[in-house]
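S.K.: Data: start-v1.pdb, PDB, C-alpha atoms and all ligand atoms.
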ATOM      1  CA  MET A  28      53.982  -0.529  -7.232
ATOM      2  CA  SER A  29      51.644  -2.397  -4.963
ATOM      3  CA  LYS A  30      51.753  -2.220  -1.206
ATOM      4  CA  GLN A  31      51.520  -6.021  -0.998
ATOM      5  CA  ALA A  32      54.344  -7.961   0.583
ATOM      6  CA  LYS A  33      57.335  -8.168  -1.731
ATOM      7  CA  GLY A  34      58.405 -11.428  -3.340
ATOM      8  CA  ALA A  35      55.287 -13.419  -2.505
ATOM      9  CA  ALA A  36      55.698 -16.821  -4.188
ATOM     10  CA  LYS A  37      52.946 -18.481  -6.150
ATOM     11  CA  ALA A  38      50.746 -20.341  -3.695
ATOM     12  CA  GLY A  39      49.831 -24.034  -3.786
ATOM     13  CA  LYS A  40      46.421 -25.298  -4.847
ATOM     14  CA  VAL A  41      43.646 -23.106  -3.560
ATOM     15  CA  ILE A  42      40.168 -24.233  -2.587
ATOM     16  CA  ILE A  43      37.599 -21.561  -1.852
ATOM     17  CA  GLY A  44      34.203 -22.227  -0.305
ATOM     18  CA  ASN A  45      31.444 -19.816  -1.321
ATOM     19  CA  TRP A  46      28.684 -19.979   1.274
ATOM     20  CA  LYS A  47      26.570 -17.517  -0.697
ATOM     21  CA  MET A  48      23.497 -16.276   1.247
ATOM     22  CA  LYS A  49      22.835 -19.721   2.679
ATOM     23  CA  LYS A  50      23.932 -19.330   6.297
ATOM     24  CA  GLY A  51      23.100 -16.564   8.752
ATOM     25  CA  LEU A  52      25.416 -15.259  11.447
ATOM     26  CA  ALA A  53      24.894 -18.020  14.033
ATOM     27  CA  GLU A  54      24.870 -20.769  11.396
ATOM     28  CA  SER A  55      28.046 -19.431   9.783
ATOM     29  CA  ALA A  56      29.811 -19.352  13.140
ATOM     30  CA  ALA A  57      28.716 -22.922  13.874
ATOM     31  CA  LEU A  58      29.865 -24.183  10.469
ATOM     32  CA  ALA A  59      33.168 -22.320  10.784
ATOM     33  CA  LYS A  60      33.781 -24.013  14.152
ATOM     34  CA  GLU A  61      33.024 -27.392  12.613
ATOM     35  CA  MET A  62      35.406 -26.672   9.740
ATOM     36  CA  VAL A  63      38.203 -25.562  12.045
ATOM     37  CA  GLU A  64      37.906 -28.881  13.896
ATOM     38  CA  LYS A  65      37.801 -30.863  10.658
ATOM     39  CA  PHE A  66      40.850 -29.088   9.214
ATOM     40  CA  ARG A  67      42.869 -29.135  12.434
ATOM     41  CA  ASP A  68      45.576 -31.411  10.990
ATOM     42  CA  PHE A  69      45.240 -30.281   7.408
ATOM     43  CA  ASN A  70      48.583 -29.158   6.096
ATOM     44  CA  GLU A  71      49.210 -30.458   2.620
ATOM     45  CA  ASP A  72      51.718 -29.175   0.075
ATOM     46  CA  GLY A  73      50.971 -25.552   0.762
ATOM     47  CA  LYS A  74      47.314 -25.946  -0.161
ATOM     48  CA  VAL A  75      45.230 -22.937   0.794
ATOM     49  CA  VAL A  76      41.649 -23.358   1.968
ATOM     50  CA  ALA A  77      39.407 -20.326   2.344
ATOM     51  CA  ILE A  78      35.776 -19.916   3.317
ATOM     52  CA  CYS A  79      33.571 -17.018   2.243
ATOM     53  CA  PRO A  80      30.591 -16.511   4.554
ATOM     54  CA  THR A  81      27.974 -13.815   4.260
ATOM     55  CA  LEU A  82      29.176 -10.258   4.915
ATOM     56  CA  VAL A  83      27.496  -9.971   8.314
ATOM     57  CA  ALA A  84      29.341 -13.058   9.572
ATOM     58  CA  LEU A  85      32.846 -12.054   8.456
ATOM     59  CA  THR A  86      34.139 -10.634  11.722
ATOM     60  CA  GLU A  87      32.657 -13.439  13.790
ATOM     61  CA  VAL A  88      34.049 -16.123  11.485
ATOM     62  CA  ASP A  89      37.395 -14.323  11.442
ATOM     63  CA  LYS A  90      37.658 -14.775  15.220
ATOM     64  CA  ILE A  91      36.972 -18.497  14.772
ATOM     65  CA  VAL A  92      39.401 -19.175  11.907
ATOM     66  CA  LYS A  93      42.160 -16.748  12.918
ATOM     67  CA  LYS A  94      44.488 -19.336  14.421
ATOM     68  CA  SER A  95      43.400 -22.215  12.189
ATOM     69  CA  ASN A  96      44.368 -23.699   8.821
ATOM     70  CA  LEU A  97      41.552 -21.807   7.159
ATOM     71  CA  LYS A  98      41.591 -18.388   5.530
ATOM     72  CA  LEU A  99      38.734 -15.949   5.265
ATOM     73  CA  GLY A 100      37.267 -14.524   2.087
ATOM     74  CA  ALA A 101      34.361 -12.285   1.092
ATOM     75  CA  GLN A 102      31.787 -12.691  -1.637
ATOM     76  CA  ASN A 103      31.829  -9.137  -2.953
ATOM     77  CA  VAL A 104      33.574  -5.771  -2.729
ATOM     78  CA  PHE A 105      33.197  -2.218  -4.042
ATOM     79  CA  TRP A 106      35.738  -0.295  -6.112
ATOM     80  CA  GLU A 107      36.066   2.827  -3.970
ATOM     81  CA  ASP A 108      37.951   3.109  -0.733
ATOM     82  CA  ARG A 109      35.425   5.197   1.186
ATOM     83  CA  GLY A 110      32.475   7.483   0.503
ATOM     84  CA  SER A 111      28.767   7.793  -0.132
ATOM     85  CA  TYR A 112      28.136   4.327  -1.524
ATOM     86  CA  THR A 113      25.230   3.004   0.479
ATOM     87  CA  GLY A 114      25.375  -0.705   1.136
ATOM     88  CA  GLU A 115      28.859  -1.200  -0.254
ATOM     89  CA  VAL A 116      32.090  -2.333   1.376
ATOM     90  CA  SER A 117      35.648  -1.429   0.375
ATOM     91  CA  PRO A 118      38.743  -3.627   0.050
ATOM     92  CA  GLN A 119      40.285  -2.001   3.131
ATOM     93  CA  MET A 120      37.158  -2.721   5.142
ATOM     94  CA  LEU A 121      37.334  -6.379   4.129
ATOM     95  CA  ILE A 122      40.989  -6.528   5.085
ATOM     96  CA  GLU A 123      40.130  -5.006   8.450
ATOM     97  CA  ALA A 124      37.508  -7.744   8.865
ATOM     98  CA  GLY A 125      40.217 -10.375   8.321
ATOM     99  CA  CYS A 126      39.672 -11.245   4.654
ATOM    100  CA  ARG A 127      42.503 -12.458   2.430
ATOM    101  CA  TYR A 128      40.412 -13.297  -0.626
ATOM    102  CA  VAL A 129      37.426 -11.733  -2.324
ATOM    103  CA  ILE A 130      35.189 -13.207  -5.013
ATOM    104  CA  ILE A 131      34.505 -10.729  -7.805
ATOM    105  CA  GLY A 132      31.939 -10.989 -10.585
ATOM    106  CA  HIS A 133      30.194 -14.195  -9.585
ATOM    107  CA  SER A 134      27.571 -15.101 -12.205
ATOM    108  CA  GLU A 135      24.813 -14.748  -9.597
ATOM    109  CA  ARG A 136      25.820 -11.113  -9.073
ATOM    110  CA  ARG A 137      25.986 -10.610 -12.811
ATOM    111  CA  LYS A 138      22.493 -12.062 -13.119
ATOM    112  CA  TYR A 139      20.681 -10.558 -10.133
ATOM    113  CA  LEU A 140      22.622  -7.338  -9.530
ATOM    114  CA  LEU A 141      23.441  -6.630 -13.176
ATOM    115  CA  GLU A 142      27.106  -6.440 -12.335
ATOM    116  CA  ASN A 143      28.990  -5.940 -15.596
ATOM    117  CA  TYR A 144      32.615  -6.351 -16.588
ATOM    118  CA  SER A 145      33.348  -2.645 -16.351
ATOM    119  CA  MET A 146      32.377  -2.834 -12.657
ATOM    120  CA  ILE A 147      34.321  -6.050 -12.264
ATOM    121  CA  HIS A 148      37.382  -4.391 -13.801
ATOM    122  CA  GLN A 149      37.206  -1.497 -11.337
ATOM    123  CA  LYS A 150      36.819  -3.901  -8.443
ATOM    124  CA  VAL A 151      39.876  -5.901  -9.482
ATOM    125  CA  ARG A 152      41.945  -2.720  -9.798
ATOM    126  CA  GLU A 153      40.965  -1.446  -6.356
ATOM    127  CA  VAL A 154      41.510  -4.823  -4.712
ATOM    128  CA  LEU A 155      44.988  -5.084  -6.241
ATOM    129  CA  ASN A 156      45.801  -1.671  -4.818
ATOM    130  CA  ALA A 157      44.844  -2.792  -1.350
ATOM    131  CA  GLU A 158      47.323  -4.604   0.814
ATOM    132  CA  GLY A 159      46.953  -8.376   1.106
ATOM    133  CA  LEU A 160      43.638  -9.055  -0.601
ATOM    134  CA  VAL A 161      43.564 -11.482  -3.537
ATOM    135  CA  PRO A 162      40.800 -11.071  -6.133
ATOM    136  CA  VAL A 163      39.044 -14.235  -7.288
ATOM    137  CA  VAL A 164      37.707 -13.154 -10.672
ATOM    138  CA  CYS A 165      34.846 -15.274 -11.994
ATOM    139  CA  ILE A 166      34.332 -15.855 -15.678
ATOM    140  CA  GLY A 167      32.259 -18.446 -17.499
ATOM    141  CA  GLU A 168      29.919 -19.010 -20.393
ATOM    142  CA  GLU A 169      26.155 -19.534 -20.374
ATOM    143  CA  ASN A 170      24.727 -22.761 -21.741
ATOM    144  CA  GLU A 171      23.589 -20.917 -24.852
ATOM    145  CA  ASP A 172      27.164 -19.788 -25.556
ATOM    146  CA  ARG A 173      28.351 -23.346 -25.271
ATOM    147  CA  LYS A 174      25.656 -24.695 -27.554
ATOM    148  CA  THR A 175      26.385 -22.069 -30.190
ATOM    149  CA  ASP A 176      30.155 -22.518 -30.065
ATOM    150  CA  ARG A 177      30.757 -19.088 -28.553
ATOM    151  CA  ARG A 178      32.469 -20.257 -25.413
ATOM    152  CA  ASP A 179      36.014 -19.331 -26.407
ATOM    153  CA  PHE A 180      34.977 -15.878 -27.523
ATOM    154  CA  VAL A 181      32.969 -15.297 -24.333
ATOM    155  CA  LEU A 182      35.851 -16.344 -22.086
ATOM    156  CA  LEU A 183      38.413 -14.239 -23.917
ATOM    157  CA  ASN A 184      36.098 -11.253 -23.936
ATOM    158  CA  GLN A 185      35.345 -11.545 -20.218
ATOM    159  CA  LEU A 186      39.056 -11.835 -19.418
ATOM    160  CA  GLN A 187      39.887  -8.853 -21.576
ATOM    161  CA  GLN A 188      37.160  -6.721 -20.015
ATOM    162  CA  ALA A 189      37.969  -7.734 -16.449
ATOM    163  CA  LEU A 190      41.750  -7.615 -16.620
ATOM    164  CA  GLY A 191      42.781  -5.743 -19.764
ATOM    165  CA  GLY A 192      45.106  -2.813 -19.063
ATOM    166  CA  ILE A 193      45.802  -3.889 -15.491
ATOM    167  CA  ASP A 194      49.454  -3.964 -14.481
ATOM    168  CA  ILE A 195      50.420  -6.755 -12.180
ATOM    169  CA  SER A 196      53.518  -6.462 -10.038
ATOM    170  CA  GLU A 197      55.609  -9.393  -8.811
ATOM    171  CA  SER A 198      53.976  -9.369  -5.425
ATOM    172  CA  GLN A 199      50.369  -9.280  -6.572
ATOM    173  CA  ARG A 200      48.190 -12.288  -7.239
ATOM    174  CA  ILE A 201      45.011 -12.872  -9.188
ATOM    175  CA  ILE A 202      42.885 -16.013  -9.129
ATOM    176  CA  VAL A 203      40.706 -16.584 -12.179
ATOM    177  CA  ALA A 204      37.762 -18.859 -11.444
ATOM    178  CA  TYR A 205      36.389 -20.601 -14.522
ATOM    179  CA  GLU A 206      32.744 -21.211 -13.711
ATOM    180  CA  PRO A 207      30.561 -22.386 -16.583
ATOM    181  CA  VAL A 208      27.267 -20.823 -15.537
ATOM    182  CA  TRP A 209      25.268 -23.866 -16.601
ATOM    183  CA  ALA A 210      27.256 -26.134 -14.275
ATOM    184  CA  ILE A 211      26.878 -23.995 -11.134
ATOM    185  CA  GLY A 212      24.461 -25.559  -8.681
ATOM    186  CA  SER A 213      23.289 -28.026 -11.326
ATOM    187  CA  GLY A 214      24.670 -31.135  -9.650
ATOM    188  CA  THR A 215      26.513 -31.951 -12.878
ATOM    189  CA  ALA A 216      30.092 -30.808 -13.231
ATOM    190  CA  ILE A 217      31.713 -30.145 -16.580
ATOM    191  CA  GLU A 218      33.573 -33.016 -18.275
ATOM    192  CA  PRO A 219      37.233 -32.939 -17.197
ATOM    193  CA  SER A 220      38.297 -32.715 -20.860
ATOM    194  CA  GLU A 221      36.153 -29.595 -21.291
ATOM    195  CA  ALA A 222      37.661 -28.079 -18.159
ATOM    196  CA  THR A 223      41.149 -28.804 -19.471
ATOM    197  CA  TYR A 224      40.288 -27.094 -22.740
ATOM    198  CA  ALA A 225      38.785 -24.014 -21.073
ATOM    199  CA  HIS A 226      41.678 -23.685 -18.634
ATOM    200  CA  LYS A 227      44.117 -23.898 -21.515
ATOM    201  CA  ILE A 228      42.288 -21.127 -23.391
ATOM    202  CA  ILE A 229      42.333 -18.995 -20.238
ATOM    203  CA  ARG A 230      46.002 -19.696 -19.613
ATOM    204  CA  LEU A 231      46.965 -18.782 -23.185
ATOM    205  CA  ALA A 232      44.927 -15.590 -23.050
ATOM    206  CA  LEU A 233      46.560 -14.592 -19.763
ATOM    207  CA  ASP A 234      50.010 -15.390 -21.183
ATOM    208  CA  ASP A 235      49.189 -13.113 -24.062
ATOM    209  CA  MET A 236      47.969 -10.303 -21.814
ATOM    210  CA  PHE A 237      50.560 -10.439 -19.024
ATOM    211  CA  GLY A 238      53.454 -12.576 -20.292
ATOM    212  CA  MET A 239      54.173 -16.190 -19.380
ATOM    213  CA  GLN A 240      56.491 -15.410 -16.490
ATOM    214  CA  ALA A 241      54.030 -13.114 -14.770
ATOM    215  CA  VAL A 242      51.228 -15.627 -15.235
ATOM    216  CA  GLU A 243      53.333 -18.451 -13.845
ATOM    217  CA  LYS A 244      54.145 -16.391 -10.789
ATOM    218  CA  SER A 245      51.021 -14.413 -10.102
ATOM    219  CA  PHE A 246      47.991 -16.192 -11.532
ATOM    220  CA  GLN A 247      46.032 -19.263 -10.586
ATOM    221  CA  ILE A 248      43.153 -20.734 -12.556
ATOM    222  CA  ILE A 249      40.553 -22.610 -10.561
ATOM    223  CA  TYR A 250      37.372 -24.405 -11.578
ATOM    224  CA  GLY A 251      33.898 -23.968 -10.114
ATOM    225  CA  GLY A 252      30.649 -25.781 -10.875
ATOM    226  CA  SER A 253      29.196 -28.710  -8.911
ATOM    227  CA  VAL A 254      32.494 -30.005  -7.541
ATOM    228  CA  THR A 255      31.920 -32.691  -4.906
ATOM    229  CA  GLY A 256      33.924 -35.112  -2.818
ATOM    230  CA  LYS A 257      33.008 -37.757  -5.392
ATOM    231  CA  ASN A 258      34.045 -36.066  -8.624
ATOM    232  CA  VAL A 259      37.017 -34.102  -7.290
ATOM    233  CA  LYS A 260      39.542 -36.774  -8.302
ATOM    234  CA  SER A 261      38.644 -36.472 -11.967
ATOM    235  CA  PHE A 262      39.735 -32.823 -11.869
ATOM    236  CA  SER A 263      42.648 -32.930  -9.503
ATOM    237  CA  ASN A 264      45.487 -33.684 -11.910
ATOM    238  CA  LEU A 265      44.393 -31.682 -14.921
ATOM    239  CA  GLU A 266      46.768 -29.277 -16.586
ATOM    240  CA  ASN A 267      46.394 -25.650 -15.460
ATOM    241  CA  MET A 268      44.055 -26.711 -12.647
ATOM    242  CA  ASP A 269      45.115 -24.759  -9.583
ATOM    243  CA  GLY A 270      42.126 -25.431  -7.397
ATOM    244  CA  PHE A 271      38.382 -25.033  -6.984
ATOM    245  CA  LEU A 272      35.663 -22.572  -6.153
ATOM    246  CA  VAL A 273      33.032 -24.625  -4.358
ATOM    247  CA  GLY A 274      29.440 -23.624  -3.657
ATOM    248  CA  GLY A 275      26.986 -26.215  -2.342
ATOM    249  CA  ALA A 276      29.571 -28.748  -1.228
ATOM    250  CA  SER A 277      31.362 -26.150   0.910
ATOM    251  CA  LEU A 278      28.365 -26.014   3.257
ATOM    252  CA  ASP A 279      29.152 -29.462   4.575
ATOM    253  CA  ALA A 280      32.404 -29.713   6.551
ATOM    254  CA  GLU A 281      32.978 -33.394   5.726
ATOM    255  CA  GLU A 282      32.299 -32.945   2.013
ATOM    256  CA  PHE A 283      34.431 -29.808   1.765
ATOM    257  CA  TYR A 284      37.261 -31.579   3.573
ATOM    258  CA  LYS A 285      37.056 -34.459   1.072
ATOM    259  CA  ILE A 286      37.365 -31.992  -1.803
ATOM    260  CA  CYS A 287      40.356 -30.272  -0.210
ATOM    261  CA  LYS A 288      42.055 -33.613   0.434
ATOM    262  CA  GLY A 289      41.132 -34.823  -3.041
ATOM    263  CA  ILE A 290      42.886 -32.228  -5.145
TER
HETATM  264  C1  LIG A 301      29.542 -21.348  -7.192
HETATM  265  O1  LIG A 301      28.442 -20.844  -6.969
HETATM  266  O2  LIG A 301      30.556 -20.643  -7.305
HETATM  267  C2  LIG A 301      29.610 -22.797  -7.329
HETATM  268  C3  LIG A 301      30.686 -23.328  -7.846
HETATM  269  O3  LIG A 301      28.511 -23.493  -6.886
HETATM  270  P1  LIG A 301      28.330 -25.093  -6.874
HETATM  271  O4  LIG A 301      29.616 -25.693  -6.393
HETATM  272  O5  LIG A 301      27.198 -25.326  -5.950
HETATM  273  O6  LIG A 301      28.037 -25.484  -8.281
END
Any chance you could give the structure as structure tokens?
Ligand code: PEP

M.R.:
Amino acid sequence: MSKQAKGAAKAGKVIIGNWKMKKGLAESAALAKEMVEKFRDFNEDGKVVAICPTLVALTEVDKIVKKSNLKLGAQNVFWEDRGSYTGEVSPQMLIEAGCRYVIIGHSERRKYLLENYSMIHQKVREVLNAEGLVPVVCIGEENEDRKTDRRDFVLLNQLQQALGGIDISESQRIIVAYEPVWAIGSGTAIEPSEATYAHKIIRLALDDMFGMQAVEKSFQIIYGGSVTGKNVKSFSNLENMDGFLVGGASLDAEEFYKICKGI
């Protein structure tokens, strides 16, 4: 049984900004301050907005967002609690730094750090065992998979590898971020109909793995890949669309605000 708060209800739409390695400490603090101002009166239907700055800025940004409408998230985590793991950071350490969310298995980490789904699986497990940290598990096909009609297989396989065999209790939550790799940072988002299809596949696979009731209560499926203030409306009312993971557009307070208002 998890140590997370009992009876946590499924949250509203969630919008997570991934600042990647694009802002240093001072820049992250400045952007966080700008965001806090921008979101001062933001309080819509239980929507949750989180920002994920670089690791070195977490504690500083936490001080800035602590009493605001914004939550803090991290971009990575390790699967052990403590030990000789040079350069890594544990779920508890992120919680201590103020994080409520953590992105796991982003395609850039899979590409540049050779992070595989066995690692991602261990990370999800450890994060679920920690108190109050929600894993944001990224999956998504490469362009080649899409062109060769392998998308469905790839998504199901990634889900199975990342989450298969994991027990989820009533109080735990998992966010699955569908991020077609070819759409990330490309400036061209997926067609809404394609997103609907992929989210449906993901939803059905999760239903199969965890049961419909558990999925309804504990899972959210969000989309990531070139979401902007302009195209957000075309995604906002899609079935099984619980929010967004936003890269580039989350580095601009006005644009990010538009996205959060738009869904
Ligand atoms: C991302 O990197 O997770 C992402 C969605 O980036 P962008 O919004 O820039 O495509």

S.K.: Please put the answer as lines of an AutoDock Vina configuration file: centre and edge lengths, in Å with one decimal, of a box along x, y and z that encloses all listed atoms of stretch 128-131 of chain A plus 4 Å on each side.

M.R.:
center_x = 37.5
center_y = -12.0
center_z = -4.2
size_x = 13.9
size_y = 10.6
size_z = 15.2

S.K.: Check which residues of chain A sit at most 7 Å from ligand LIG 301 (chain A) using all atoms listed in the file, and return one row each with the closest pair of atoms and their distance in Å to one decimal, ordered by chain and rising number, as JSON lines.

M.R.:
{"residue": "A:Asn45", "atom": "CA", "partner": "A:LIG301", "partner_atom": "O2", "distance": 6.1}
{"residue": "A:His133", "atom": "CA", "partner": "A:LIG301", "partner_atom": "O2", "distance": 6.8}
{"residue": "A:Glu206", "atom": "CA", "partner": "A:LIG301", "partner_atom": "C3", "distance": 6.6}
{"residue": "A:Ala210", "atom": "CA", "partner": "A:LIG301", "partner_atom": "O6", "distance": 6.1}
{"residue": "A:Ile211", "atom": "CA", "partner": "A:LIG301", "partner_atom": "O6", "distance": 3.4}
{"residue": "A:Gly212", "atom": "CA", "partner": "A:LIG301", "partner_atom": "O6", "distance": 3.6}
{"residue": "A:Ser213", "atom": "CA", "partner": "A:LIG301", "partner_atom": "O6", "distance": 6.2}
{"residue": "A:Gly214", "atom": "CA", "partner": "A:LIG301", "partner_atom": "O6", "distance": 6.7}
{"residue": "A:Gly251", "atom": "CA", "partner": "A:LIG301", "partner_atom": "C3", "distance": 4.0}
{"residue": "A:Gly252", "atom": "CA", "partner": "A:LIG301", "partner_atom": "O6", "distance": 3.7}
{"residue": "A:Ser253", "atom": "CA", "partner": "A:LIG301", "partner_atom": "O6", "distance": 3.5}
{"residue": "A:Val254", "atom": "CA", "partner": "A:LIG301", "partner_atom": "O4", "distance": 5.3}
{"residue": "A:Leu272", "atom": "CA", "partner": "A:LIG301", "partner_atom": "C3", "distance": 5.3}
{"residue": "A:Val273", "atom": "CA", "partner": "A:LIG301", "partner_atom": "O4", "distance": 4.1}
{"residue": "A:Gly274", "atom": "CA", "partner": "A:LIG301", "partner_atom": "O3", "distance": 3.4}
{"residue": "A:Gly275", "atom": "CA", "partner": "A:LIG301", "partner_atom": "O5", "distance": 3.7}
{"residue": "A:Ala276", "atom": "CA", "partner": "A:LIG301", "partner_atom": "O4", "distance": 6.0}

S.K.: Restricting the calculation to all atoms listed in the file: of A:Glu115, A:Tyr139, A:Ile78, A:Glu243, which residue gets closest to A:Leu231?

M.R.: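 Of the candidates, the smallest distance to A:Leu231 is held by A:Glu243.
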
S.K.: Starting from the shown file, work through the PyMOL selection byres (((chain A and resi 267) around 8) and not hetatm) and note down what comes out as a short mmCIF file (atom, residue, chain, number, x, y, z; two decimals) with C-alpha atoms, in the coordinates of the input.

M.R.:
data_model
loop_
_atom_site.label_atom_id
_atom_site.label_comp_id
_atom_site.auth_asym_id
_atom_site.auth_seq_id
_atom_site.Cartn_x
_atom_site.Cartn_y
_atom_site.Cartn_z
CA THR A 223 41.15 -28.80 -19.47
CA HIS A 226 41.68 -23.68 -18.63
CA LYS A 227 44.12 -23.90 -21.52
CA ARG A 230 46.00 -19.70 -19.61
CA ILE A 248 43.15 -20.73 -12.56
CA LEU A 265 44.39 -31.68 -14.92
CA GLU A 266 46.77 -29.28 -16.59
CA MET A 268 44.06 -26.71 -12.65
CA ASP A 269 45.12 -24.76 -9.58
#

S.K.: Looking at A:Asp234, A:Asp72, A:Glu171, A:Glu197, which one is nearest to A:Val41, with distances taken over all atoms listed in the file?

M.R.: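 For A:Val41, the nearest of the given residues is A:Asp72.
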
S.K.: Between A:Leu278, A:Ile201, A:Ile147, A:Leu160, which one has atoms that come closest to A:Ala59, using only C-alpha atoms?

M.R.: A:Leu278

S.K.: Just to confirm, what's the straight-line distance from atom CA of A:Gly192 to atom CA of A:Glu123 in Å (one decimal)?

M.R.: 28.0 Å

S.K.: To test your reading of the syntax: which residues would the PyMOL selection byres (((chain A and resi 46) around 12) and not hetatm) return for the file shown? Reply as JSON, numbers by chain.

M.R.: {"A": [43, 44, 45, 47, 48, 49, 50, 51, 52, 54, 55, 56, 58, 59, 77, 78, 79, 80, 81, 82, 84, 85, 99, 100, 101, 102, 130, 272, 273, 274, 275, 276, 277, 278, 279, 280, 283]}

S.K.: Could you expand the PyMOL selection byres (((chain A and resi 153) around 9) and not hetatm) into the explicit residues it covers here, written as a ChimeraX atom specification?

M.R.: /A:105-108,117-118,148-152,154-157

S.K.: Find the residues near A:Val203: any atom within 7 Å, counting all atoms listed in the file, skip ones fewer than 6 places away on the same chain, and give them as a list in words.

M.R.: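 Here the qualifying residues turn out to be Val163, Val164, Cys165, Gln247, Ile248 and Ile249 of chain A.
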
S.K.: Need to verify the contact set: A:Val208, 7 Å, only C-alpha atoms, exclusion of same-chain residues closer than 6 positions in sequence. Can you return it as a CSV table (one decimal) with C-alpha atoms, keeping the file's coordinate frame?

M.R.:
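Generated output (result-v6.csv):
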chain,number,residue,atom,x,y,z
A,134,SER,CA,27.6,-15.1,-12.2
A,167,GLY,CA,32.3,-18.4,-17.5
A,168,GLU,CA,29.9,-19.0,-20.4
A,169,GLU,CA,26.2,-19.5,-20.4
A,170,ASN,CA,24.7,-22.8,-21.7

S.K.: Nearest to A:Gly125 among A:Ser245, A:Asn143, A:Thr86, A:Asn103, with distances taken over all atoms listed in the file: which residue is it?

M.R.: A:Thr86

S.K.: Can you work out which one of A:Gly73, A:Glu61, A:Cys126, A:Trp209 has the shortest atom-to-atom distance to A:Lys174, counting all atoms listed in the file?

M.R.: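 Going through A:Gly73, A:Glu61, A:Cys126, A:Trp209 one by one, the smallest distance to A:Lys174 is for A:Trp209.
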